[in-house]
Amino acid sequence: MKLSYRTAGPLDAAAMAALARRTFTETFGHLYRPEDLAAFLLSHNSQSWGAELSDPAFAVRICEAQGQPVAYAKLGPPSLPFEPQGRPLELRQFYVLQPWQGAGVATQLMDWAISQAKTRGADELYLSVFTDNHRARRFYERYGFTFVQTYDFMVGSHADQDHILRLDLKEAR
């Protein structure tokens with residue numbers, strides 16, 4: 001199946017909200033009580049996505065299969081609890097639906113994220129990853145992301161331990 005990539009815009013808000021809810025639930029939904037998951041997913045709504053997609057501080061890349069979004073990467077200003085060492089950007093979300101994992105989609109999206117961060121003048125890129133998401137952690141480590149610290153990622157009233165990782169963009173491929 002042919003995949004295509006493009007930059008998301010404000011008209012994509014509803015589709016991005018639905019994809020964000022679907023990818024998070026598919027990846028992590030089994031970990032949470034239904035009420036915690038439902039509370040978390042409330043933040044993934046068309047209004048929030050529309051605001052970010054209209055804000056030039058954010059950039060979102062979508063991967064589509066037959067016109068349907070199947071993966072995305074979102075860059076934005078730092079929101080994680082860390083002390084920046086330079087001019088940071090944050091890879092706020094990075095998700096690929098299961099049927100497209102292992103098809104090179106993540107590589108395409110990460111290459112875009114790194115290139116976009118550099119183009120925007122960042123010299124470091126941060127992200128957070130669930131400590132037990134070993135596949136994602138290995139993927140990020142292959143790109144040179146290194147551990148900074150742990151923090152509590154809240155899903156409703158449930159706290160997960162996440163790792164904050166940093167990539168020095170001066171050294172990134």
# chains A, B, ... in the order shown; residues from 1 in each chain; ligands from 1
>>> select_by_dssp(residues="stretch 10-155 of chain A", states="alpha helix (DSSP H)", output="JSON, numbers by chain")
{"A": [13, 14, 15, 16, 17, 18, 19, 20, 21, 22, 23, 24, 25, 26, 27, 28, 34, 35, 36, 37, 38, 39, 40, 41, 46, 47, 48, 49, 50, 51, 52, 53, 54, 105, 106, 107, 108, 109, 110, 111, 112, 113, 114, 115, 116, 117, 118, 119, 134, 135, 136, 137, 138, 139, 140, 141, 142]}
>>> closest_atom_pairs(of="stretch 48-68 of chain A", to="stretch 114-136 of chain A", cutoff="12 Å", atoms="only C-alpha atoms", output="JSON lines")
{"residue": "A:Pro56", "atom": "CA", "partner": "A:Arg120", "partner_atom": "CA", "distance": 10.5}
{"residue": "A:Ala57", "atom": "CA", "partner": "A:Arg120", "partner_atom": "CA", "distance": 9.3}
{"residue": "A:Phe58", "atom": "CA", "partner": "A:Arg120", "partner_atom": "CA", "distance": 10.3}
{"residue": "A:Ala59", "atom": "CA", "partner": "A:Gln116", "partner_atom": "CA", "distance": 8.2}
{"residue": "A:Val60", "atom": "CA", "partner": "A:Gln116", "partner_atom": "CA", "distance": 10.0}
{"residue": "A:Arg61", "atom": "CA", "partner": "A:Gln116", "partner_atom": "CA", "distance": 10.0}
>>> closest_residue(among="A:Leu165, A:Ala20, A:Leu53, A:Leu37", to="A:Gln93", atoms="only C-alpha atoms")
A:Ala20
>>> residues_around(residues="A:Pro78", least_positions_apart="3", cutoff="9 Å", atoms="only C-alpha atoms", output="JSON, numbers by chain")
{"A": [81, 82, 84, 88, 89, 90, 91, 92, 126]}
>>> atom_distance(atom1="atom CA of A:Asn45", atom2="atom CA of A:Ala17")
5.1 Å
>>> closest_atom_pairs(of="stretch 69-105 of chain A", to="stretch 137-145 of chain A", cutoff="12 Å", atoms="only C-alpha atoms", output="CSV")
residue,atom,partner,partner_atom,distance
A:Leu91,CA,A:Tyr140,CA,11.3
A:Phe94,CA,A:Tyr140,CA,10.9
A:Gln101,CA,A:Phe139,CA,11.7
A:Gly102,CA,A:Phe139,CA,11.0
A:Gly104,CA,A:Phe139,CA,11.6
>>> write_last_selection(atoms="all heavy atoms", output="compact mmCIF listing (two decimals), in the first residue's frame")
# COMPACT_ATOMS: atom_id res chain seq x y z
N LEU A 91 9.67 16.86 20.70
CA LEU A 91 8.88 15.93 19.90
C LEU A 91 7.75 15.48 20.82
O LEU A 91 7.93 14.59 21.64
CB LEU A 91 9.73 14.76 19.41
CG LEU A 91 9.04 13.75 18.50
CD1 LEU A 91 8.39 14.41 17.30
CD2 LEU A 91 10.05 12.70 18.06
N PHE A 94 4.52 11.06 18.86
CA PHE A 94 5.11 10.30 17.76
C PHE A 94 4.44 8.93 17.78
O PHE A 94 4.75 8.11 18.64
CB PHE A 94 6.62 10.18 17.99
CG PHE A 94 7.39 9.63 16.82
CD1 PHE A 94 7.92 10.48 15.88
CD2 PHE A 94 7.59 8.27 16.69
CE1 PHE A 94 8.65 9.99 14.81
CE2 PHE A 94 8.31 7.77 15.62
CZ PHE A 94 8.83 8.62 14.68
N GLN A 101 3.56 -0.35 11.59
CA GLN A 101 4.83 -0.43 12.31
C GLN A 101 5.75 -1.41 11.58
O GLN A 101 5.30 -2.44 11.10
CB GLN A 101 4.61 -0.85 13.76
CG GLN A 101 3.90 0.22 14.56
CD GLN A 101 3.58 -0.18 15.99
OE1 GLN A 101 3.94 -1.26 16.44
NE2 GLN A 101 2.89 0.69 16.69
N GLY A 102 7.00 -1.05 11.47
CA GLY A 102 7.96 -1.89 10.77
C GLY A 102 7.99 -1.65 9.27
O GLY A 102 8.72 -2.34 8.55
N GLY A 104 8.82 1.33 7.88
CA GLY A 104 9.66 2.48 7.60
C GLY A 104 9.01 3.82 7.89
O GLY A 104 9.62 4.88 7.69
>>> residues_around(residues="A:Asp55", least_positions_apart="4", cutoff="12 Å", atoms="only C-alpha atoms", output="ChimeraX atom specification")
/A:8-10,48-51,59-60,75-77
>>> closest_residue(among="A:Ser46, A:Gln98, A:Ser54, A:Thr107", to="A:Arg22", atoms="only C-alpha atoms")
A:Gln98
>>> closest_residue(among="A:Glu171, A:Ser157, A:Ser4, A:Ala13", to="A:Phe40", atoms="only C-alpha atoms")
A:Ser157
>>> select_by_dssp(residues="chain A", states="strand (DSSP E)", output="PDB file with C-alpha atoms, in the first residue's frame")
ATOM      1  CA  LEU A   3       2.024   5.784   1.843  1.00  0.00           C
ATOM      2  CA  SER A   4       2.142   9.559   1.521  1.00  0.00           C
ATOM      3  CA  TYR A   5       3.425  12.236   3.885  1.00  0.00           C
ATOM      4  CA  ARG A   6       2.331  15.821   4.307  1.00  0.00           C
ATOM      5  CA  THR A   7       2.207  18.687   6.769  1.00  0.00           C
ATOM      6  CA  ALA A  59       4.578  21.415  13.214  1.00  0.00           C
ATOM      7  CA  VAL A  60       2.780  18.146  12.522  1.00  0.00           C
ATOM      8  CA  ARG A  61       3.649  15.604   9.853  1.00  0.00           C
ATOM      9  CA  ILE A  62       1.041  13.024   8.856  1.00  0.00           C
ATOM     10  CA  CYS A  63       1.540   9.717   7.117  1.00  0.00           C
ATOM     11  CA  GLU A  64      -1.509   8.572   5.157  1.00  0.00           C
ATOM     12  CA  ALA A  65      -2.501   5.294   3.544  1.00  0.00           C
ATOM     13  CA  GLN A  68      -6.432   7.966   5.838  1.00  0.00           C
ATOM     14  CA  PRO A  69      -3.992   9.123   8.544  1.00  0.00           C
ATOM     15  CA  VAL A  70      -2.033   6.200  10.013  1.00  0.00           C
ATOM     16  CA  ALA A  71       0.867   7.926  11.798  1.00  0.00           C
ATOM     17  CA  TYR A  72       2.089  11.330  12.862  1.00  0.00           C
ATOM     18  CA  ALA A  73       4.830  13.307  14.550  1.00  0.00           C
ATOM     19  CA  LYS A  74       4.232  16.589  16.377  1.00  0.00           C
ATOM     20  CA  LEU A  75       6.941  19.135  17.203  1.00  0.00           C
ATOM     21  CA  GLY A  76       6.334  22.035  19.543  1.00  0.00           C
ATOM     22  CA  PRO A  88      15.211  23.152  22.482  1.00  0.00           C
ATOM     23  CA  LEU A  89      12.212  21.812  20.667  1.00  0.00           C
ATOM     24  CA  GLU A  90      10.110  18.909  21.858  1.00  0.00           C
ATOM     25  CA  LEU A  91       8.877  15.935  19.898  1.00  0.00           C
ATOM     26  CA  ARG A  92       5.551  16.005  21.700  1.00  0.00           C
ATOM     27  CA  GLN A  93       3.878  13.032  20.066  1.00  0.00           C
ATOM     28  CA  PHE A  94       5.108  10.297  17.755  1.00  0.00           C
ATOM     29  CA  TYR A  95       2.705   7.473  16.920  1.00  0.00           C
ATOM     30  CA  VAL A  96       2.310   4.818  14.234  1.00  0.00           C
ATOM     31  CA  GLU A 124      18.453  19.993  20.915  1.00  0.00           C
ATOM     32  CA  LEU A 125      15.345  17.852  20.667  1.00  0.00           C
ATOM     33  CA  TYR A 126      13.547  16.359  23.665  1.00  0.00           C
ATOM     34  CA  LEU A 127      10.868  13.713  23.983  1.00  0.00           C
ATOM     35  CA  SER A 128       9.341  11.479  26.599  1.00  0.00           C
ATOM     36  CA  VAL A 129       8.849   7.745  26.365  1.00  0.00           C
ATOM     37  CA  PHE A 130       7.126   5.282  28.675  1.00  0.00           C
ATOM     38  CA  THR A 146      20.111   9.939  25.581  1.00  0.00           C
ATOM     39  CA  PHE A 147      18.469   9.735  29.003  1.00  0.00           C
ATOM     40  CA  VAL A 148      17.928  13.001  30.901  1.00  0.00           C
ATOM     41  CA  GLN A 149      15.590  12.130  33.774  1.00  0.00           C
ATOM     42  CA  THR A 150      12.341  10.443  34.729  1.00  0.00           C
ATOM     43  CA  TYR A 151       9.054  12.199  35.373  1.00  0.00           C
ATOM     44  CA  ASP A 152       5.430  11.333  36.063  1.00  0.00           C
ATOM     45  CA  PHE A 153       3.252  11.273  32.948  1.00  0.00           C
ATOM     46  CA  MET A 154      -0.349  11.595  34.038  1.00  0.00           C
ATOM     47  CA  VAL A 155      -3.171   9.619  32.448  1.00  0.00           C
ATOM     48  CA  HIS A 158      -2.704   7.440  37.085  1.00  0.00           C
ATOM     49  CA  ALA A 159       1.005   8.364  37.069  1.00  0.00           C
ATOM     50  CA  ASP A 160       3.351   6.530  34.702  1.00  0.00           C
ATOM     51  CA  GLN A 161       7.100   6.733  34.893  1.00  0.00           C
ATOM     52  CA  ASP A 162       8.386   8.194  31.626  1.00  0.00           C
ATOM     53  CA  HIS A 163      11.925   8.905  30.556  1.00  0.00           C
ATOM     54  CA  ILE A 164      12.821  12.274  29.113  1.00  0.00           C
ATOM     55  CA  LEU A 165      15.358  11.807  26.326  1.00  0.00           C
ATOM     56  CA  ARG A 166      17.513  14.404  24.571  1.00  0.00           C
ATOM     57  CA  LEU A 167      19.110  14.510  21.139  1.00  0.00           C
ATOM     58  CA  ASP A 168      21.986  16.910  20.467  1.00  0.00           C
TER      59      ASP A 168
END
>>> residues_around(residues="A:Ala38", least_positions_apart="2", cutoff="10 Å", atoms="only C-alpha atoms", output="number ranges by chain")
A: 21, 25, 29, 32-36, 40-43, 155-156
>>> write_last_selection(atoms="N, CA and C atoms", output="mmCIF file, in the first residue's frame")
data_model
loop_
_atom_site.group_PDB
_atom_site.id
_atom_site.type_symbol
_atom_site.label_atom_id
_atom_site.label_comp_id
_atom_site.auth_asym_id
_atom_site.auth_seq_id
_atom_site.Cartn_x
_atom_site.Cartn_y
_atom_site.Cartn_z
ATOM 1 N N ARG A 21 -6.336 9.894 19.522
ATOM 2 C CA ARG A 21 -7.079 9.035 20.459
ATOM 3 C C ARG A 21 -6.872 7.557 20.106
ATOM 4 N N THR A 25 -4.777 4.892 22.476
ATOM 5 C CA THR A 25 -5.564 3.777 23.009
ATOM 6 C C THR A 25 -5.003 2.441 22.533
ATOM 7 N N GLY A 29 -3.815 1.839 25.934
ATOM 8 C CA GLY A 29 -5.133 1.773 26.553
ATOM 9 C C GLY A 29 -5.296 0.646 27.562
ATOM 10 N N TYR A 32 -4.652 1.219 31.586
ATOM 11 C CA TYR A 32 -5.349 2.163 32.443
ATOM 12 C C TYR A 32 -6.783 1.752 32.742
ATOM 13 N N ARG A 33 -7.264 2.242 33.876
ATOM 14 C CA ARG A 33 -8.683 2.109 34.184
ATOM 15 C C ARG A 33 -9.448 2.925 33.144
ATOM 16 N N PRO A 34 -10.619 2.477 32.745
ATOM 17 C CA PRO A 34 -11.377 3.192 31.714
ATOM 18 C C PRO A 34 -11.591 4.676 32.018
ATOM 19 N N GLU A 35 -11.835 5.013 33.284
ATOM 20 C CA GLU A 35 -12.075 6.427 33.615
ATOM 21 C C GLU A 35 -10.803 7.274 33.479
ATOM 22 N N ASP A 36 -9.622 6.694 33.763
ATOM 23 C CA ASP A 36 -8.379 7.438 33.575
ATOM 24 C C ASP A 36 -8.090 7.644 32.092
ATOM 25 N N PHE A 40 -7.938 11.275 30.060
ATOM 26 C CA PHE A 40 -6.774 11.667 29.263
ATOM 27 C C PHE A 40 -7.170 11.993 27.826
ATOM 28 N N LEU A 41 -8.010 11.163 27.249
ATOM 29 C CA LEU A 41 -8.376 11.337 25.845
ATOM 30 C C LEU A 41 -9.188 12.607 25.596
ATOM 31 N N LEU A 42 -9.769 13.187 26.649
ATOM 32 C CA LEU A 42 -10.501 14.441 26.488
ATOM 33 C C LEU A 42 -9.622 15.553 25.929
ATOM 34 N N SER A 43 -8.322 15.495 26.218
ATOM 35 C CA SER A 43 -7.408 16.534 25.732
ATOM 36 C C SER A 43 -7.165 16.422 24.230
ATOM 37 N N VAL A 155 -2.050 10.082 33.260
ATOM 38 C CA VAL A 155 -3.171 9.619 32.448
ATOM 39 C C VAL A 155 -4.351 9.564 33.410
ATOM 40 N N GLY A 156 -5.180 10.599 33.364
ATOM 41 C CA GLY A 156 -6.218 10.734 34.379
ATOM 42 C C GLY A 156 -5.544 10.916 35.728
#
>>> closest_residue(among="A:Leu31, A:Lys2, A:His44, A:Val105", to="A:Ala18", atoms="only C-alpha atoms")
A:His44
>>> closest_residue(among="A:Ala15, A:Ala39, A:Met1, A:Gly86", to="A:Ala103", atoms="only C-alpha atoms")
A:Met1
